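Peer 1: Before I ask anything, here is the structure I am working with.
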Amino acid sequence: MIRESVLLVGVELKGHEGDFEERQRELAMLVKTAGATVVGQVIQRREKPDAGSYVGEGKVVEIKAKAEELEADTVVFDHDLSPAQVKNLEKGIGMKVLDRTEIILDIFATHARSKQAKLQVEVAQLEYTMPRLRGQWQHLEKIAGARGTSGGMGTRGPGEKQLEVDRRIARDQIVALKRELKEIDTRKTREVKARGENFTVALVGYTNAGKSTLMNRVAHTDVLVEDKLFSTLDTKTHTWKLRGGMKVMASDTVGFIRALPHHLVASFHATLEEVIYADLLLHVVDASARDAVGHIEAVDAVLKKLKCEDKDRLLVFNKLDAVKDRMEYEVLRRRFPGAIEISARMGNGMESLDEEVAGRLDRRLVDISLEVSVADGRLLAYLAENARVTERTLDGEAWRIKARLAPWHASKLQRTGGAPVK
């Protein structure tokens, strides 16, 4: 199989110098994940983007020469380009030009497995593509111009007619897909809320932080683990049995990324329902990453978009076995002193993580007193399964029980005759 050869273009704008190098490394990994090969890179520093081509006419000539020299098939920009900019760049360079969002959408389309994820990707692609339809029918628009039409109703040329048809088809498709997606989203929301009889923990983090490896470790599952961005797109939920006997539902969510386009966050809002309704967020960080702090900030930004910034969060530094610069890591540790340190791959630190998660959730438990008939095997079994019994004394034909349990279990027991919660 022949892999597409890609020339990367990065523009460092004034005021955005801080994460430039990391963004370029990330763009290269995005292209690799999309199945192409990076053959070179062109970098430019400028005050602000050029309206016509983002990089200016002189740089377009340089990019064209570099692409031809390296025999590239495609040029990929690490910025979102307007339809006009793409049109001008493709004309000037003489080959296909893509931007960052198109690469992310391509990866999402490849990794979508569930019907929900596929619909979300299709909506995002259509919404991104629709404003870019204009340039595709220029050869027909010229016919309209040649006829001297003014563009009035019934007099438009075939080019404009085709453009309007395409846009109407795209709009209708988006409406139909969103309607179908809304039905799935409603079902999904009900499913997530229905898990109210268990504490829920959502694993969030920058893409490739090791969330899936951690899920495999704590829930004894076999979730796909790849050294690629966005290898997990569909949310998976499994039971995690904590050492104290508490059971929680753990969900592995789609990885975040720098400058994740807002419309993608909106499209995948339903996928992130697990985050919105979780009792605790485990923010997993690749401690070996060159810009771990930048990764943390990028995830915080997405959580803010989801209005989840105030949720109970536990920072987890993962991949300790891969840390090379110990001094740099010490700086990270001091900046975030409450983080749990683990290696999900090696199994190091899992006990500490388990205890901290159990402790955080334990604080949400309530105390209840019950009098249970010794003959009520069903209720006793329910307590054994869902409560932590702290005291039990036999009084004639009944057990006097004091227990700690989750609020929803306490409410359920009260409805069946338990004593008021203390």
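Each chain in the structure tokens gets a letter, A, B, ..., in the order shown, and its residues are numbered from 1; ligands are numbered from 1 in order too.
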Segment 235-339 of chain A near segment 18-42 of chain A within 12 Å: what's each residue's closest atom pair and its distance in Å to one decimal, counting only C-alpha atoms, ordered by chain then ascending residue number, as CSV?
Peer 2:
residue,atom,partner,partner_atom,distance
A:Ile257,CA,A:Glu26,CA,8.9
A:Arg258,CA,A:Arg23,CA,7.7
A:Ala259,CA,A:Arg23,CA,9.5
A:Leu260,CA,A:Arg23,CA,11.9
A:Ala289,CA,A:Glu22,CA,9.8
A:Arg290,CA,A:Glu22,CA,7.9
A:Asp291,CA,A:Glu22,CA,7.1
A:Ala292,CA,A:Glu22,CA,10.3
A:Val293,CA,A:Asp19,CA,10.5
A:Gly294,CA,A:Asp19,CA,7.6
A:His295,CA,A:Glu22,CA,9.9
A:Glu297,CA,A:Asp19,CA,11.4
A:Ala298,CA,A:Asp19,CA,11.0
Peer 1: Near segment 347-349 of chain A, counting only C-alpha atoms, which residues have an atom at most 9 Å away, once you skip same-chain residues fewer than 3 positions from it, shown as a PyMOL selection string?
Peer 2: chain A and resi 214+217+320-321+340-344+352-354
Peer 1: Please provide the set of residues having any atom within 7 Å of Thr235 of chain A, restricted to only C-alpha atoms, with same-chain residues fewer than 3 positions apart removed, written as a ChimeraX atom specification.
Peer 2: /A:251-254,271
Peer 1: Got time to write the residues from that selection, N, CA and C atoms, as a short mmCIF file (atom, residue, chain, number, x, y, z; two decimals), in the first residue's frame?
Peer 2:
data_model
loop_
_atom_site.label_atom_id
_atom_site.label_comp_id
_atom_site.auth_asym_id
_atom_site.auth_seq_id
_atom_site.Cartn_x
_atom_site.Cartn_y
_atom_site.Cartn_z
N SER A 251 -15.43 4.79 32.84
CA SER A 251 -15.62 5.05 31.41
C SER A 251 -14.36 5.64 30.80
N ASP A 252 -13.93 5.06 29.70
CA ASP A 252 -12.77 5.56 28.95
C ASP A 252 -13.31 6.45 27.83
N THR A 253 -12.94 7.72 27.81
CA THR A 253 -13.52 8.67 26.85
C THR A 253 -12.52 9.05 25.77
N VAL A 254 -13.02 9.71 24.73
CA VAL A 254 -12.18 10.17 23.63
C VAL A 254 -11.11 11.13 24.15
N THR A 271 -21.03 11.84 23.19
CA THR A 271 -19.98 10.88 23.55
C THR A 271 -19.39 11.23 24.91
#
Peer 1: Can you list every residue in segment 181-368 of chain A that DSSP puts in alpha helix (DSSP H), as a PyMOL selection string?
Peer 2: chain A and resi 181-194+211-219+262-267+273-277+292-305+326-335+350-362
Peer 1: Which value, in Å to one decimal, gives the distance between atom CA of Asn198 of chain A and atom CA of Ser369 of chain A?
Peer 2: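 Atom-to-atom, atom CA of Asn198 of chain A to atom CA of Ser369 of chain A, that is 20.6 Å.
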Peer 1: Considering only C-alpha atoms, state which residue in the set A:Glu180, A:Ser288, A:Val248, A:Arg360 is at the smallest distance from Met327 of chain A.
Peer 2: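 Using only C-alpha atoms, Met327 of chain A sits closest to A:Ser288.
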Peer 1: Using only C-alpha atoms, which residues sit within 10 Å of Leu383 of chain A once same-chain residues fewer than 2 positions away are excluded, as a list of chain:residue names?
Peer 2: A:Gly377, A:Arg378, A:Leu379, A:Leu380, A:Ala381, A:Glu385, A:Asn386, A:Ala387, A:Arg388, A:Val389, A:Ile401, A:Ala403, A:Arg404, A:Leu405, A:His409, A:Leu413
Peer 1: Next, the residues of the selection above should be written as a CSV table (one decimal), in the first residue's frame with C-alpha atoms.
Peer 2:
chain,number,residue,atom,x,y,z
A,377,GLY,CA,-32.5,-12.8,53.1
A,378,ARG,CA,-33.2,-10.6,50.1
A,379,LEU,CA,-32.5,-7.3,52.1
A,380,LEU,CA,-29.5,-8.8,53.8
A,381,ALA,CA,-28.1,-9.8,50.4
A,385,GLU,CA,-23.7,-6.3,47.9
A,386,ASN,CA,-24.2,-2.5,48.1
A,387,ALA,CA,-23.3,-1.3,51.6
A,388,ARG,CA,-20.4,-1.3,54.0
A,389,VAL,CA,-21.8,-2.6,57.3
A,401,ILE,CA,-27.5,-2.8,61.4
A,403,ALA,CA,-24.1,0.8,57.4
A,404,ARG,CA,-22.5,3.3,55.0
A,405,LEU,CA,-23.7,3.4,51.5
A,409,HIS,CA,-29.1,3.0,47.9
A,413,LEU,CA,-33.7,1.3,51.7
